[in-house]
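Participant: Structure: coords-v6.txt, compact mmCIF, C-alpha atoms.
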```
# COMPACT_ATOMS: atom_id res chain seq x y z
CA GLY V 82 -16.72 -7.24 9.91
CA GLN V 83 -14.15 -5.52 7.76
CA ASN V 84 -12.40 -7.48 5.04
CA ILE V 85 -10.13 -6.06 2.38
CA ASP V 86 -8.27 -8.40 0.06
CA GLN V 87 -5.46 -7.73 -2.36
CA PRO V 88 -2.70 -9.94 -3.77
CA THR V 89 0.38 -10.22 -1.61
CA GLU V 90 2.96 -9.85 -4.37
CA MET V 91 3.16 -9.02 -8.05
CA THR V 92 6.02 -8.80 -10.50
CA ALA V 93 6.07 -6.75 -13.69
CA THR V 94 8.53 -5.54 -16.28
CA GLU V 95 9.78 -1.99 -16.71
CA GLY V 96 7.68 -0.15 -19.29
CA ALA V 97 4.73 -2.51 -18.95
CA ILE V 98 1.27 -2.04 -17.42
CA VAL V 99 0.17 -3.67 -14.18
CA GLN V 100 -3.23 -3.85 -12.52
CA ILE V 101 -3.51 -4.37 -8.76
CA ASN V 102 -6.94 -5.54 -7.63
CA CYS V 103 -8.67 -4.94 -4.32
CA THR V 104 -11.96 -6.37 -3.09
CA TYR V 105 -13.66 -5.22 0.05
CA GLN V 106 -16.49 -6.06 2.39
CA THR V 107 -17.00 -3.38 5.01
CA SER V 108 -19.81 -2.31 7.28
CA GLY V 109 -19.77 1.18 5.81
CA PHE V 110 -18.22 2.90 2.83
CA ASN V 111 -17.16 6.48 2.40
CA GLY V 112 -14.43 6.20 -0.19
CA LEU V 113 -11.58 3.96 -1.26
CA PHE V 114 -7.95 4.98 -1.21
CA TRP V 115 -4.72 3.76 -2.71
CA TYR V 116 -1.43 4.51 -0.99
CA GLN V 117 2.13 3.80 -2.10
CA GLN V 118 4.65 2.75 0.51
CA HIS V 119 8.34 2.33 -0.21
CA ALA V 120 10.22 0.09 2.19
CA GLY V 121 10.90 1.86 5.46
CA GLU V 122 8.92 4.94 4.49
CA ALA V 123 5.49 6.36 5.29
CA PRO V 124 2.56 5.63 3.00
CA THR V 125 1.89 8.39 0.48
CA PHE V 126 -1.50 9.14 -1.01
CA LEU V 127 -2.09 8.08 -4.61
CA SER V 128 -5.81 8.20 -5.29
CA TYR V 129 -9.29 8.46 -3.87
CA ASN V 130 -12.52 7.08 -5.36
CA VAL V 131 -15.93 7.60 -3.85
CA LEU V 132 -18.09 7.27 -6.99
CA ASP V 133 -18.04 4.46 -9.52
CA GLY V 134 -15.70 4.84 -12.43
CA LEU V 135 -12.14 5.54 -13.37
CA GLU V 136 -9.97 8.31 -11.97
CA GLU V 137 -6.84 9.04 -13.96
CA LYS V 138 -3.80 10.85 -12.67
CA GLY V 139 -0.77 10.68 -14.91
CA ARG V 140 0.61 7.15 -15.12
CA PHE V 141 -1.71 5.98 -12.35
CA SER V 142 -5.45 5.29 -12.62
CA SER V 143 -7.87 3.91 -10.07
CA PHE V 144 -11.23 2.29 -10.70
CA LEU V 145 -14.13 1.67 -8.34
CA SER V 146 -17.29 -0.42 -8.53
CA ARG V 147 -19.28 -0.02 -5.32
CA SER V 148 -21.87 -2.63 -6.28
CA LYS V 149 -19.13 -5.22 -6.69
CA GLY V 150 -16.99 -4.08 -3.77
CA TYR V 151 -14.08 -3.88 -6.17
CA SER V 152 -11.31 -1.50 -7.07
CA TYR V 153 -8.12 -1.64 -9.05
CA LEU V 154 -5.02 0.49 -9.38
CA LEU V 155 -3.53 0.63 -12.85
CA LEU V 156 0.09 1.62 -13.31
CA LYS V 157 1.28 2.39 -16.84
CA GLU V 158 4.78 2.75 -18.27
CA LEU V 159 6.26 1.11 -15.21
CA GLN V 160 9.49 2.49 -13.85
CA MET V 161 11.94 0.87 -11.46
CA LYS V 162 11.01 3.42 -8.80
CA ASP V 163 7.45 2.05 -8.83
CA SER V 164 8.72 -0.96 -6.90
CA ALA V 165 6.88 -0.54 -3.62
CA SER V 166 3.91 -1.78 -1.64
CA TYR V 167 0.50 -0.56 -2.73
CA LEU V 168 -2.10 -0.32 0.01
CA CYS V 169 -5.84 -0.39 -0.59
CA ALA V 170 -7.88 1.24 2.18
CA VAL V 171 -11.57 1.86 2.76
CA ARG V 172 -12.90 4.76 4.77
CA ASP V 173 -15.71 3.76 7.11
CA PRO V 174 -17.88 6.53 8.53
CA LYS V 175 -19.48 4.24 11.10
CA GLY V 176 -19.25 5.04 14.73
CA ASN V 177 -16.98 7.64 16.25
CA ALA V 178 -13.77 6.75 14.49
CA GLY V 179 -13.75 9.89 12.43
CA ASN V 180 -13.67 8.19 9.07
CA MET V 181 -10.74 6.03 9.97
CA LEU V 182 -9.20 3.87 7.27
CA THR V 183 -9.25 0.09 7.17
CA PHE V 184 -6.30 -1.19 5.20
CA GLY V 185 -5.70 -4.32 3.20
CA GLY V 186 -2.45 -6.17 3.69
CA GLY V 187 -0.79 -4.41 0.78
CA THR V 188 0.56 -5.66 -2.54
CA ARG V 189 4.30 -5.69 -2.93
CA LEU V 190 5.13 -4.83 -6.54
CA MET V 191 8.54 -5.68 -7.94
CA VAL V 192 9.47 -4.04 -11.24
CA LYS V 193 12.20 -5.84 -13.15
CA PRO V 194 14.33 -4.48 -16.00
CA GLY P 266 8.98 21.13 8.21
CA ALA P 267 5.48 21.01 6.83
CA GLY P 268 4.82 17.30 7.27
CA VAL P 269 3.85 15.00 10.12
CA SER P 270 6.82 14.19 12.32
CA GLN P 271 7.29 11.35 14.76
CA SER P 272 9.88 10.60 17.38
CA PRO P 273 11.86 8.58 18.02
CA SER P 274 12.38 7.05 14.60
CA ASN P 275 13.62 3.85 16.20
CA LYS P 276 13.17 2.50 19.71
CA VAL P 277 14.58 -0.68 21.16
CA THR P 278 13.32 -1.56 24.60
CA GLU P 279 13.36 -4.49 26.96
CA LYS P 280 10.25 -6.50 27.60
CA GLY P 281 8.32 -5.06 30.53
CA LYS P 282 9.48 -1.49 30.09
CA ASP P 283 7.19 1.43 29.24
CA VAL P 284 7.63 3.46 26.05
CA GLU P 285 6.28 6.75 24.78
CA LEU P 286 5.91 7.54 21.11
CA ARG P 287 5.35 11.08 19.95
CA CYS P 288 3.51 12.53 16.96
CA ASP P 289 3.55 16.13 15.75
CA PRO P 290 0.77 16.58 13.19
CA ILE P 291 0.69 19.15 10.43
CA SER P 292 -0.06 22.54 11.91
CA GLY P 293 -3.79 23.26 11.90
CA HIS P 294 -4.83 19.64 11.38
CA THR P 295 -7.52 18.83 13.92
CA ALA P 296 -7.85 15.08 13.31
CA LEU P 297 -5.06 12.69 14.26
CA TYR P 298 -4.85 8.92 13.82
CA TRP P 299 -2.53 6.25 15.18
CA TYR P 300 -1.94 3.02 13.23
CA ARG P 301 0.29 0.03 13.80
CA GLN P 302 2.02 -1.95 11.05
CA SER P 303 3.47 -5.29 12.02
CA LEU P 304 6.07 -6.93 9.80
CA GLY P 305 4.47 -7.98 6.52
CA GLN P 306 1.03 -6.90 7.70
CA GLY P 307 -1.36 -4.14 6.73
CA LEU P 308 -1.96 -1.06 8.82
CA GLU P 309 -4.10 -1.59 11.89
CA PHE P 310 -6.12 1.33 13.24
CA LEU P 311 -5.47 2.08 16.92
CA ILE P 312 -7.09 5.37 17.93
CA TYR P 313 -8.39 8.63 16.55
CA PHE P 314 -8.40 12.14 18.01
CA GLN P 315 -10.61 15.04 17.03
CA GLY P 316 -9.07 17.95 18.82
CA ASN P 317 -8.02 16.66 22.22
CA SER P 318 -10.72 14.05 22.58
CA ALA P 319 -10.64 10.44 21.44
CA PRO P 320 -14.20 9.37 20.59
CA ASP P 321 -13.16 5.84 19.67
CA LYS P 322 -10.56 3.85 21.58
CA SER P 323 -11.79 0.45 20.45
CA GLY P 324 -8.75 -0.17 18.26
CA LEU P 325 -6.29 -0.17 21.13
CA PRO P 326 -5.06 -3.78 21.47
CA SER P 327 -5.07 -3.89 25.29
CA ASP P 328 -5.26 -1.73 28.39
CA ARG P 329 -1.48 -1.44 28.27
CA PHE P 330 -1.96 1.02 25.41
CA SER P 331 -3.08 4.59 25.99
CA ALA P 332 -2.86 7.84 24.08
CA GLU P 333 -3.40 11.47 24.74
CA ARG P 334 -3.36 14.70 22.80
CA THR P 335 -2.82 18.10 24.30
CA GLY P 336 -3.43 21.54 22.89
CA GLY P 337 -5.02 20.00 19.83
CA SER P 338 -1.56 19.30 18.49
CA VAL P 339 1.04 16.84 19.77
CA SER P 340 -0.07 13.32 20.61
CA THR P 341 1.67 10.68 22.70
CA LEU P 342 1.05 6.95 22.45
CA THR P 343 2.15 5.11 25.59
CA ILE P 344 2.69 1.38 25.84
CA GLN P 345 3.12 0.04 29.36
CA ARG P 346 4.88 -3.21 30.23
CA THR P 347 5.86 -3.81 26.63
CA GLN P 348 5.64 -7.30 25.18
CA GLN P 349 7.44 -8.77 22.19
CA GLU P 350 4.23 -8.78 20.17
CA ASP P 351 4.18 -4.99 20.48
CA SER P 352 7.14 -4.84 18.07
CA ALA P 353 5.91 -2.98 15.00
CA VAL P 354 6.06 0.33 13.17
CA TYR P 355 3.71 2.85 14.74
CA LEU P 356 2.42 5.37 12.23
CA CYS P 357 0.65 8.62 12.90
CA ALA P 358 -1.48 10.47 10.36
CA SER P 359 -3.34 13.77 10.40
CA THR P 360 -6.04 15.45 8.37
CA LEU P 361 -7.35 18.98 8.35
CA ARG P 362 -10.55 17.69 9.92
CA SER P 363 -12.18 14.30 10.28
CA GLY P 364 -14.20 14.80 7.12
CA SER P 365 -11.14 15.46 5.00
CA TYR P 366 -10.27 12.50 2.88
CA GLU P 367 -6.51 12.61 2.58
CA GLN P 368 -4.53 11.41 5.57
CA TYR P 369 -0.92 12.57 5.71
CA PHE P 370 1.33 10.01 7.33
CA GLY P 371 4.44 10.53 9.39
CA PRO P 372 7.56 8.42 8.88
CA GLY P 373 6.69 6.14 11.79
CA THR P 374 8.45 4.85 14.88
CA ARG P 375 9.96 1.38 14.61
CA LEU P 376 9.56 -0.27 18.01
CA THR P 377 11.51 -3.41 18.83
CA VAL P 378 10.87 -5.17 22.12
CA THR P 379 13.63 -7.59 23.08
```
Let's see the structure in the file written out as structure tokens.
Facilitator:
Amino acid sequence: GQNIDQPTEMTATEGAIVQINCTYQTSGFNGLFWYQQHAGEAPTFLSYNVLDGLEEKGRFSSFLSRSKGYSYLLLKELQMKDSASYLCAVRDPKGNAGNMLTFGGGTRLMVKP
Amino acid sequence: GAGVSQSPSNKVTEKGKDVELRCDPISGHTALYWYRQSLGQGLEFLIYFQGNSAPDKSGLPSDRFSAERTGGSVSTLTIQRTQQEDSAVYLCASTLRSGSYEQYFGPGTRLTVT
């Protein structure tokens, strides 16, 4: 079956660094995604990892270890606007679902002054 | 606009009624996905279209749910005889083609069944 785990909630301070972890067990793997979702809004794409290692994009970085079924999203220099839910999702090429995404439950991040 | 659009943005309906939710993907995107997000839950895959055909319908929760896509563009998700457990945000996403990795999401339709 598909299983993607991430913490439900995290709290961090403005200006700090926070790491959001995601572990997965899926029948297939064709990439791992991180999405940001502000309350009441659509998810927006943050990052995509298909090979092991770290991908950096401005204040956000994402890491993947396929052998460990593990990823993290690192947010640096936190800003109040970073308060949102962060969704980890795995793309599964199996079957006819066109590389559909299987999502974790999301991590709600609260940034405090 | 250039993004994925969905209508209505909010829908309140009585239990037992039928509802139709609409998705307009980004122009030229051939792959279209429907997801459901219940309160406090992650996104749940419902159905995928490549062009007008839906190769995989296994994510649909029951036979009360159906979806179609016409002209390789607009898609409609229909829920018949709605139940309270159908209350959720229904999100649509599209990609240029099924092999493309970035899915662009619409703003969703918030469905409340009373």
Participant: Using only C-alpha atoms, which of the listed residues (V:Leu182, V:Leu190, V:Leu145, V:Ile101) sits closest to chain P?
Facilitator: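 Of V:Leu182, V:Leu190, V:Leu145, V:Ile101, the one nearest chain P, counting only C-alpha atoms, is V:Leu182.
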Participant: With all atoms listed in the file as the atoms that count, which of V:Thr125, V:Asn102, V:Ser142, V:Ser166 lies nearest to Gln368 of chain P?
Facilitator: V:Thr125
Participant: Quick one: everything within 9 Å of Asp351 of chain P, counting only C-alpha atoms, minus sequence neighbours fewer than 6 positions away in the same chain. Send it as a list in words.
Facilitator: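 Once the adjacent positions are removed, what remains is Ser303, Ile344, Leu376, Thr377 and Val378 of chain P.
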Participant: Residues of the last selection are to be written out with C-alpha atoms, as a PDB file, in the frame of the given file.
Facilitator:
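What ended up in selection.pdb:
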```pdb
ATOM      1  CA  SER P 303       3.470  -5.290  12.020  1.00  0.00           C
ATOM      2  CA  ILE P 344       2.690   1.380  25.840  1.00  0.00           C
ATOM      3  CA  LEU P 376       9.560  -0.270  18.010  1.00  0.00           C
ATOM      4  CA  THR P 377      11.510  -3.410  18.830  1.00  0.00           C
ATOM      5  CA  VAL P 378      10.870  -5.170  22.120  1.00  0.00           C
TER       6      VAL P 378
END
```
Participant: Could you build a table of the residues in chain V lying no more than 12 Å from chain P, giving for each the nearest pair of atoms and their separation in Å rounded to one decimal place, using only C-alpha atoms, ordered by chain and ascending residue number, as a Markdown table?
Facilitator:
```
| residue | atom | partner | partner_atom | distance |
| --- | --- | --- | --- | --- |
| V:Gln83 | CA | P:Glu309 | CA | 11.6 |
| V:Asn84 | CA | P:Gly307 | CA | 11.7 |
| V:Ile85 | CA | P:Gly307 | CA | 10.0 |
| V:Asp86 | CA | P:Gly307 | CA | 10.5 |
| V:Gln87 | CA | P:Gly307 | CA | 10.6 |
| V:Thr89 | CA | P:Gly305 | CA | 9.4 |
| V:Glu90 | CA | P:Gly305 | CA | 11.2 |
| V:Asn111 | CA | P:Tyr366 | CA | 9.2 |
| V:Gly112 | CA | P:Tyr366 | CA | 8.1 |
| V:Leu113 | CA | P:Tyr366 | CA | 9.6 |
| V:Phe114 | CA | P:Glu367 | CA | 8.6 |
| V:Trp115 | CA | P:Glu367 | CA | 10.5 |
| V:Tyr116 | CA | P:Gln368 | CA | 10.0 |
| V:Gln117 | CA | P:Phe370 | CA | 11.3 |
| V:Gln118 | CA | P:Phe370 | CA | 10.5 |
| V:His119 | CA | P:Pro372 | CA | 11.0 |
| V:Ala120 | CA | P:Gly305 | CA | 10.8 |
| V:Gly121 | CA | P:Pro372 | CA | 8.1 |
| V:Glu122 | CA | P:Pro372 | CA | 5.8 |
| V:Ala123 | CA | P:Pro372 | CA | 4.6 |
| V:Pro124 | CA | P:Phe370 | CA | 6.3 |
| V:Thr125 | CA | P:Phe370 | CA | 7.1 |
| V:Phe126 | CA | P:Glu367 | CA | 7.1 |
| V:Leu127 | CA | P:Glu367 | CA | 9.6 |
| V:Ser128 | CA | P:Glu367 | CA | 9.0 |
| V:Tyr129 | CA | P:Tyr366 | CA | 7.9 |
| V:Asn130 | CA | P:Tyr366 | CA | 10.1 |
| V:Val131 | CA | P:Tyr366 | CA | 10.1 |
| V:Ser166 | CA | P:Gly307 | CA | 10.2 |
| V:Tyr167 | CA | P:Gly307 | CA | 10.3 |
| V:Leu168 | CA | P:Gly307 | CA | 7.8 |
| V:Cys169 | CA | P:Gly307 | CA | 9.4 |
| V:Ala170 | CA | P:Leu308 | CA | 9.2 |
| V:Val171 | CA | P:Tyr366 | CA | 10.7 |
| V:Arg172 | CA | P:Tyr366 | CA | 8.4 |
| V:Asp173 | CA | P:Tyr366 | CA | 11.1 |
| V:Pro174 | CA | P:Gly364 | CA | 9.2 |
| V:Lys175 | CA | P:Asp321 | CA | 10.8 |
| V:Gly176 | CA | P:Asp321 | CA | 7.9 |
| V:Asn177 | CA | P:Asp321 | CA | 5.4 |
| V:Ala178 | CA | P:Asp321 | CA | 5.3 |
| V:Gly179 | CA | P:Ser363 | CA | 5.2 |
| V:Asn180 | CA | P:Ser363 | CA | 6.4 |
| V:Met181 | CA | P:Phe310 | CA | 7.4 |
| V:Leu182 | CA | P:Phe310 | CA | 7.2 |
| V:Thr183 | CA | P:Phe310 | CA | 6.9 |
| V:Phe184 | CA | P:Leu308 | CA | 5.7 |
| V:Gly185 | CA | P:Gly307 | CA | 5.6 |
| V:Gly186 | CA | P:Gly307 | CA | 3.8 |
| V:Gly187 | CA | P:Gly307 | CA | 6.0 |
| V:Thr188 | CA | P:Gly307 | CA | 9.6 |
| V:Arg189 | CA | P:Gly305 | CA | 9.7 |
```
Participant: If you measure from atom CA of Arg329 of chain P to atom CA of Glu350 of chain P, what distance in Å do you get, rounded to one decimal?
Facilitator: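 Going from atom CA of Arg329 of chain P over to atom CA of Glu350 of chain P, I get 12.3 Å.
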Participant: Find the residues around Val277 of chain P up to 12 Å (all atoms listed in the file counted), leave out those fewer than 2 positions away in its own chain, and share them as an MDAnalysis selection string.
Facilitator: chainID P and resid 273:275 279:280 282:286 347:349 351:354 374:379
